[in-house]
file final34.tsv (TSV, C-alpha atoms and all ligand atoms)
chain	number	residue	atom	x	y	z
G	1	MET	CA	-25.51	-15.75	50.11
G	2	ASN	CA	-23.80	-19.10	50.56
G	3	ASN	CA	-26.59	-21.66	50.41
G	4	THR	CA	-24.54	-24.80	50.91
G	5	LEU	CA	-25.45	-26.91	53.92
G	6	ARG	CA	-22.23	-28.12	55.55
G	7	ILE	CA	-22.32	-31.41	57.47
G	8	ASP	CA	-19.20	-32.39	59.45
G	9	ILE	CA	-19.24	-36.04	60.53
G	10	VAL	CA	-16.94	-36.90	63.43
G	11	CYS	CA	-16.35	-40.62	63.96
G	12	ALA	CA	-13.85	-43.44	64.52
G	13	VAL	CA	-14.29	-45.12	61.11
G	14	PRO	CA	-14.88	-42.43	58.47
G	15	GLN	CA	-13.69	-44.84	55.74
G	16	ALA	CA	-17.00	-46.65	56.23
G	17	LEU	CA	-18.85	-43.55	55.01
G	18	ALA	CA	-16.61	-42.16	52.25
G	19	SER	CA	-18.07	-43.97	49.23
G	20	PHE	CA	-21.67	-43.45	50.36
G	21	MET	CA	-21.11	-39.71	50.61
G	22	GLN	CA	-19.65	-39.61	47.06
G	23	THR	CA	-22.46	-41.61	45.47
G	24	SER	CA	-26.22	-41.75	46.14
G	25	ILE	CA	-28.39	-38.70	46.55
G	26	VAL	CA	-25.80	-37.23	48.91
G	27	GLY	CA	-23.13	-37.46	46.18
G	28	ARG	CA	-25.48	-35.75	43.74
G	29	GLY	CA	-26.17	-32.99	46.28
G	30	GLN	CA	-22.45	-32.44	46.70
G	31	GLU	CA	-21.86	-32.31	42.93
G	32	LYS	CA	-24.57	-29.68	42.67
G	33	GLY	CA	-22.96	-27.66	45.47
G	34	LEU	CA	-26.09	-27.90	47.64
G	35	VAL	CA	-24.37	-29.77	50.45
G	36	GLU	CA	-20.80	-30.35	51.58
G	37	VAL	CA	-20.08	-33.41	53.73
G	38	VAL	CA	-16.71	-33.41	55.53
G	39	LEU	CA	-15.53	-36.56	57.33
G	40	HIS	CA	-13.25	-36.38	60.37
G	41	ASN	CA	-11.30	-39.27	61.89
G	42	LEU	CA	-11.11	-39.13	65.69
G	43	HIS	CA	-7.81	-41.02	65.54
G	44	ASP	CA	-6.29	-37.88	63.99
G	45	TYR	CA	-7.07	-36.08	67.28
G	46	ALA	CA	-5.71	-38.75	69.64
G	47	THR	CA	-3.44	-37.29	72.30
G	48	ASP	CA	-1.23	-40.36	72.89
G	49	LYS	CA	1.33	-41.69	70.44
G	50	PHE	CA	-0.57	-44.98	69.95
G	51	LYS	CA	-3.58	-43.06	68.61
G	52	HIS	CA	-5.91	-44.48	71.25
G	53	ILE	CA	-9.27	-42.80	71.39
G	54	ASP	CA	-10.97	-45.04	73.95
G	55	ASP	CA	-10.37	-46.46	77.43
G	56	THR	CA	-12.03	-48.62	80.09
G	57	PRO	CA	-15.03	-47.23	82.01
G	58	TYR	CA	-14.60	-45.73	85.50
G	59	GLY	CA	-16.50	-47.86	88.00
G	60	GLY	CA	-15.95	-50.98	85.92
G	61	GLY	CA	-18.09	-52.76	83.37
G	62	ALA	CA	-17.82	-54.20	79.90
G	63	GLY	CA	-16.69	-52.37	76.78
G	64	MET	CA	-14.57	-49.37	75.97
G	65	ILE	CA	-15.62	-45.72	76.20
G	66	LEU	CA	-14.62	-43.04	73.68
G	67	GLN	CA	-12.48	-40.49	75.50
G	68	ALA	CA	-13.40	-36.82	75.82
G	69	GLU	CA	-10.08	-35.35	74.67
G	70	PRO	CA	-10.03	-36.33	70.95
G	71	ILE	CA	-13.71	-35.39	70.56
G	72	PHE	CA	-13.23	-31.99	72.23
G	73	ALA	CA	-10.07	-31.37	70.15
G	74	CYS	CA	-11.91	-32.08	66.89
G	75	ILE	CA	-15.13	-30.22	67.69
G	76	ASP	CA	-13.30	-27.23	69.29
G	77	LYS	CA	-11.34	-26.86	66.06
G	78	LEU	CA	-14.49	-26.97	63.92
G	79	GLN	CA	-16.33	-24.50	66.17
G	80	SER	CA	-13.37	-22.09	65.99
G	81	GLU	CA	-13.79	-22.05	62.20
G	82	ARG	CA	-17.55	-21.45	61.93
G	83	SER	CA	-20.65	-21.51	64.09
G	84	TYR	CA	-22.81	-24.63	64.11
G	85	ASP	CA	-26.59	-24.83	64.41
G	86	ASP	CA	-26.41	-28.19	66.20
G	87	VAL	CA	-23.95	-30.78	67.45
G	88	ILE	CA	-25.89	-34.02	67.05
G	89	PHE	CA	-24.83	-37.19	68.86
G	90	LEU	CA	-26.10	-40.42	67.26
G	91	THR	CA	-26.94	-42.85	70.02
G	92	PRO	CA	-29.53	-45.60	70.65
G	93	ASP	CA	-30.63	-43.74	73.81
G	94	GLY	CA	-31.30	-40.54	71.86
G	95	VAL	CA	-34.68	-39.10	70.81
G	96	ARG	CA	-36.16	-41.18	67.98
G	97	LEU	CA	-35.65	-39.48	64.59
G	98	THR	CA	-38.73	-38.21	62.74
G	99	GLN	CA	-39.37	-36.65	59.34
G	100	ASN	CA	-40.19	-33.36	61.09
G	101	VAL	CA	-36.75	-33.21	62.69
G	102	CYS	CA	-35.13	-34.00	59.31
G	103	ALA	CA	-37.10	-31.15	57.73
G	104	GLU	CA	-36.02	-28.80	60.52
G	105	LEU	CA	-32.35	-29.78	60.11
G	106	SER	CA	-32.54	-29.34	56.32
G	107	LEU	CA	-33.09	-25.60	56.95
G	108	THR	CA	-29.81	-25.14	58.88
G	109	GLN	CA	-26.38	-23.98	57.61
G	110	ASN	CA	-23.76	-26.01	59.55
G	111	LEU	CA	-24.20	-29.29	61.40
G	112	ILE	CA	-21.84	-31.56	63.30
G	113	LEU	CA	-22.83	-35.25	63.51
G	114	LEU	CA	-20.92	-37.13	66.18
G	115	ALA	CA	-20.98	-40.90	65.85
G	116	GLY	CA	-20.12	-42.97	68.90
G	117	HIS	CA	-18.48	-46.34	68.62
G	118	TYR	CA	-17.71	-49.10	71.10
G	119	LYS	CA	-19.76	-49.01	74.29
G	120	GLY	CA	-20.34	-45.28	74.53
G	121	ILE	CA	-18.67	-41.92	74.98
G	122	ASP	CA	-17.53	-39.94	78.00
G	123	GLN	CA	-20.62	-38.22	79.41
G	124	ARG	CA	-18.78	-34.88	79.58
G	125	VAL	CA	-18.91	-34.67	75.79
G	126	ARG	CA	-22.69	-35.02	75.92
G	127	ASP	CA	-23.02	-32.52	78.78
G	128	VAL	CA	-20.87	-29.80	77.21
G	129	LEU	CA	-20.69	-30.16	73.41
G	130	VAL	CA	-23.81	-31.98	72.27
G	131	THR	CA	-27.01	-30.00	71.59
G	132	ARG	CA	-29.21	-32.85	70.32
G	133	GLU	CA	-29.20	-36.64	70.74
G	134	VAL	CA	-30.78	-38.74	68.02
G	135	SER	CA	-31.61	-42.45	67.65
G	136	ILE	CA	-32.72	-43.92	64.31
G	137	GLY	CA	-34.92	-46.60	65.86
G	138	ASP	CA	-35.40	-49.14	68.61
G	139	TYR	CA	-32.57	-51.56	67.87
G	140	VAL	CA	-28.84	-51.44	68.56
G	141	LEU	CA	-26.07	-50.95	66.00
G	142	THR	CA	-22.35	-51.26	66.75
G	143	GLY	CA	-21.58	-47.65	65.92
G	144	GLY	CA	-23.10	-44.31	65.01
G	145	GLU	CA	-21.57	-44.29	61.50
G	146	LEU	CA	-24.55	-45.87	59.75
G	147	PRO	CA	-27.02	-43.71	61.70
G	148	ALA	CA	-24.98	-40.62	60.68
G	149	ALA	CA	-25.27	-41.74	57.04
G	150	VAL	CA	-29.01	-42.32	57.49
G	151	LEU	CA	-29.53	-38.87	59.00
G	152	THR	CA	-27.41	-37.22	56.28
G	153	ASP	CA	-29.43	-38.93	53.54
G	154	ALA	CA	-32.76	-38.01	55.14
G	155	ILE	CA	-31.71	-34.34	55.43
G	156	VAL	CA	-29.99	-33.95	52.04
G	157	ARG	CA	-32.87	-35.32	49.98
G	158	LEU	CA	-35.05	-32.53	51.41
G	159	LEU	CA	-32.73	-29.76	50.14
G	160	PRO	CA	-34.39	-27.98	47.21
G	161	GLY	CA	-32.80	-29.13	43.94
G	162	VAL	CA	-31.23	-32.37	45.18
G	163	VAL	CA	-34.07	-34.68	44.15
G	164	GLY	CA	-35.21	-33.86	40.60
G	165	ASP	CA	-38.93	-34.22	41.26
G	166	ALA	CA	-39.72	-31.98	44.25
G	167	GLU	CA	-43.31	-33.25	44.35
G	168	SER	CA	-42.08	-36.80	44.87
G	169	VAL	CA	-40.28	-35.75	48.07
G	170	LEU	CA	-43.33	-33.87	49.37
G	171	ASP	CA	-45.52	-36.92	48.67
G	172	ASP	CA	-43.41	-39.36	50.71
G	173	SER	CA	-44.68	-41.50	53.51
G	174	PHE	CA	-44.86	-39.43	56.72
G	175	MET	CA	-45.13	-36.10	54.90
G	176	HIS	CA	-48.93	-36.09	55.22
G	177	GLY	CA	-48.98	-38.06	58.45
G	178	LEU	CA	-49.89	-41.25	56.54
G	179	LEU	CA	-47.90	-44.13	55.05
G	180	ASP	CA	-47.54	-44.19	51.26
G	181	SER	CA	-50.09	-45.85	48.96
G	182	PRO	CA	-49.07	-48.66	46.51
G	183	HIS	CA	-47.35	-47.81	43.21
G	184	TYR	CA	-47.46	-49.53	39.80
G	185	THR	CA	-45.77	-49.03	36.45
G	186	LYS	CA	-45.91	-50.67	33.01
G	187	PRO	CA	-46.85	-53.31	31.99
G	188	ALA	CA	-50.54	-53.11	32.96
G	189	GLU	CA	-50.59	-56.91	33.33
G	190	PHE	CA	-47.65	-59.03	34.52
G	191	ARG	CA	-47.89	-62.80	35.11
G	192	GLY	CA	-51.65	-62.40	35.28
G	193	LEU	CA	-51.35	-59.67	37.93
G	194	LYS	CA	-53.35	-56.61	36.90
G	195	VAL	CA	-52.81	-53.00	37.91
G	196	PRO	CA	-55.87	-51.69	39.83
G	197	GLU	CA	-58.28	-50.40	37.20
G	198	VAL	CA	-58.77	-47.01	38.82
G	199	LEU	CA	-55.11	-46.11	38.14
G	200	THR	CA	-55.56	-46.53	34.38
G	201	SER	CA	-58.99	-44.85	34.32
G	202	GLY	CA	-57.72	-41.29	33.83
G	203	ASN	CA	-60.19	-40.17	36.53
G	204	HIS	CA	-57.91	-38.02	38.70
G	205	ALA	CA	-60.43	-37.48	41.49
G	206	ALA	CA	-61.04	-41.23	41.72
G	207	ILE	CA	-57.30	-41.91	41.71
G	208	ARG	CA	-56.70	-39.40	44.53
G	209	SER	CA	-59.50	-40.90	46.58
G	210	TRP	CA	-58.23	-44.48	45.98
G	211	ARG	CA	-54.71	-43.48	47.08
G	212	GLU	CA	-56.07	-41.80	50.21
G	213	ASP	CA	-58.10	-44.90	51.09
G	214	MET	CA	-55.12	-47.20	50.58
G	215	ALA	CA	-52.79	-44.95	52.59
G	216	ARG	CA	-55.31	-44.71	55.43
G	217	THR	CA	-55.92	-48.48	55.51
G	218	LYS	CA	-52.19	-49.27	55.53
G	219	THR	CA	-51.54	-46.69	58.24
G	220	MET	CA	-54.40	-48.10	60.36
G	221	GLU	CA	-52.97	-51.64	60.04
G	222	ARG	CA	-49.28	-50.87	60.51
G	223	ARG	CA	-49.03	-47.61	62.40
G	224	PRO	CA	-52.25	-46.87	64.32
G	225	ASP	CA	-50.15	-44.59	66.56
G	226	MET	CA	-49.82	-42.17	63.61
G	227	LEU	CA	-53.60	-41.71	63.53
G	228	SER	CA	-54.16	-41.07	67.22
G	229	ASP	CA	-54.36	-37.56	68.73
G	230	THR	CA	-51.80	-38.43	71.36
G	231	HIS	CA	-49.12	-39.10	68.76
G	232	GLU	CA	-46.07	-36.96	69.62
G	233	GLU	CA	-46.17	-35.09	66.32
B	1	LIG	CL1	-28.02	-43.45	66.56
B	1	LIG	N1	-26.59	-45.57	67.23
B	1	LIG	C1	-26.43	-46.88	67.48
B	1	LIG	N2	-25.23	-47.33	67.80
B	1	LIG	N3	-27.42	-47.75	67.42
B	1	LIG	C2	-28.62	-47.26	67.09
B	1	LIG	C3	-28.85	-45.91	66.81
B	1	LIG	C4	-27.79	-45.08	66.90
B	1	LIG	N4	-30.14	-45.74	66.51
B	1	LIG	C5	-30.68	-46.94	66.60
B	1	LIG	N5	-29.78	-47.86	66.96

call {"tool": "encode", "arguments": {"input": "final34.tsv", "output": "structure tokens"}}
result
Amino acid sequence: MNNTLRIDIVCAVPQALASFMQTSIVGRGQEKGLVEVVLHNLHDYATDKFKHIDDTPYGGGAGMILQAEPIFACIDKLQSERSYDDVIFLTPDGVRLTQNVCAELSLTQNLILLAGHYKGIDQRVRDVLVTREVSIGDYVLTGGELPAAVLTDAIVRLLPGVVGDAESVLDDSFMHGLLDSPHYTKPAEFRGLKVPEVLTSGNHAAIRSWREDMARTKTMERRPDMLSDTHEE
């Protein structure tokens, strides 16, 4: 069985993503054959000879809108070659990304990530092609390229074998519904700052309990919403 997750990223500025995809954890995943990231430039699918991929909005208003034609041409071609589990549009008005969604997406075979640029994209793309709309947080970026890189990283590091220490991935913040506890490494004292004694005690039960306390306290202070029953996950 072919176990390689394929991620096709469709955007206006793929050059912005090329080096990231070759290096980092994503690069390592590609070297190991666990993931294949393919970048697509919407300008290659422009229908006019000037390679325009955007135009002014109907009804007026500021900014340019990515046109439907190049996006349909690119995604139609991809979908004629293989079937995709999801066509994900990265947009600030999407559903906020969570670790659970990343875990879900890490179990798929083929994904298309569509990054908008400029003011937005023609709504017909969203109505017909897109199966999921994702935001990476409550702030606005100029394009979906960085969010597509963020989503790719968050998915790829969950693929078995990409990160050397599987336990480290499972122990991350959010995995247990709590933020991470503090970490220390050698030396035991640095500029008069000592590592908490419990961590050097060798008492594993005490260490576990200390980490739980710290994680709970930090979560209570910073993210009380994660502790409440009404939290969406
Ligand atoms: Cl997915 N796109 C853009 N342009 N800005 C964002 C975002 C996405 N998520 C948060 N801000």

call {"tool": "closest_residue", "arguments": {"input": "final34.tsv", "among": "G:Arg132, G:His52, G:Arg124, G:Arg82", "to": "ligand LIG 1 (chain B)", "atoms": "all atoms listed in the file"}}
result
G:Arg132

call {"tool": "atom_distance", "arguments": {"input": "final34.tsv", "atom1": "atom CA of Asp86 of chain G", "atom2": "atom CA of Leu111 of chain G"}}
result
5.4 Å

call {"tool": "residues_near_ligand", "arguments": {"input": "final34.tsv", "ligand": "ligand LIG 1 (chain B)", "cutoff": "12 Å", "atoms": "only C-alpha atoms and all ligand atoms", "output": "VMD selection string"}}
result
chain G and resid 11 88 to 97 113 to 121 132 to 151

call {"tool": "closest_residue", "arguments": {"input": "final34.tsv", "among": "G:Ala188, G:Val13, G:Ile155, G:Ala215", "to": "Phe174 of chain G", "atoms": "only C-alpha atoms"}}
result
G:Ala215

call {"tool": "closest_residue", "arguments": {"input": "final34.tsv", "among": "G:Arg6, G:Arg191, G:Lys218, G:His204", "to": "Val35 of chain G", "atoms": "all atoms listed in the file"}}
result
G:Arg6

call {"tool": "residues_around", "arguments": {"input": "final34.tsv", "residues": "segment 175-182 of chain G", "least_positions_apart": "3", "cutoff": "8 Å", "atoms": "all atoms listed in the file", "output": "list in words"}}
result
Gln99, Leu170, Asp171, Asp172, Arg211, Glu212, Met214, Ala215, Arg216, Lys218, Thr219, Met226 and Leu227 of chain G

call {"tool": "atom_distance", "arguments": {"input": "final34.tsv", "atom1": "atom CA of Ala103 of chain G", "atom2": "atom CA of Leu42 of chain G"}}
result
28.3 Å

call {"tool": "residues_around", "arguments": {"input": "final34.tsv", "residues": "Thr200 of chain G", "least_positions_apart": "6", "cutoff": "12 Å", "atoms": "only C-alpha atoms", "output": "ChimeraX atom specification"}}
result
/G:184-189,194,206-207

call {"tool": "residues_near_point", "arguments": {"input": "final34.tsv", "point": "(-13.0, -33.9, 74.4)", "cutoff": "12 Å", "atoms": "all atoms listed in the file", "output": "NGL selection string"}}
result
:G and (42 or 45-47 or 53-54 or 66-77 or 114 or 121-130)

call {"tool": "closest_residue", "arguments": {"input": "final34.tsv", "among": "G:Thr131, G:Ser24, G:Gln109, G:Ser19", "to": "Leu39 of chain G", "atoms": "only C-alpha atoms"}}
result
G:Ser19

call {"tool": "atom_distance", "arguments": {"input": "final34.tsv", "atom1": "atom CA of Ala18 of chain G", "atom2": "atom CA of Gln79 of chain G"}}
result
22.5 Å

call {"tool": "closest_residue", "arguments": {"input": "final34.tsv", "among": "G:Thr152, G:Ser106, G:Ser201, G:Asn41", "to": "Ala16 of chain G", "atoms": "only C-alpha atoms"}}
result
G:Asn41

call {"tool": "closest_residue", "arguments": {"input": "final34.tsv", "among": "G:Leu107, G:Cys102, G:Leu17, G:Val198", "to": "Pro160 of chain G", "atoms": "only C-alpha atoms"}}
result
G:Leu107

call {"tool": "axis_aligned_box", "arguments": {"input": "final34.tsv", "around": "segment 78-86 of chain G", "padding_each_side": "3 Å", "output": "JSON"}}
result
{"center_x": -20.0, "center_y": -24.8, "center_z": 64.1, "size_x": 19.2, "size_y": 12.7, "size_z": 10.3}
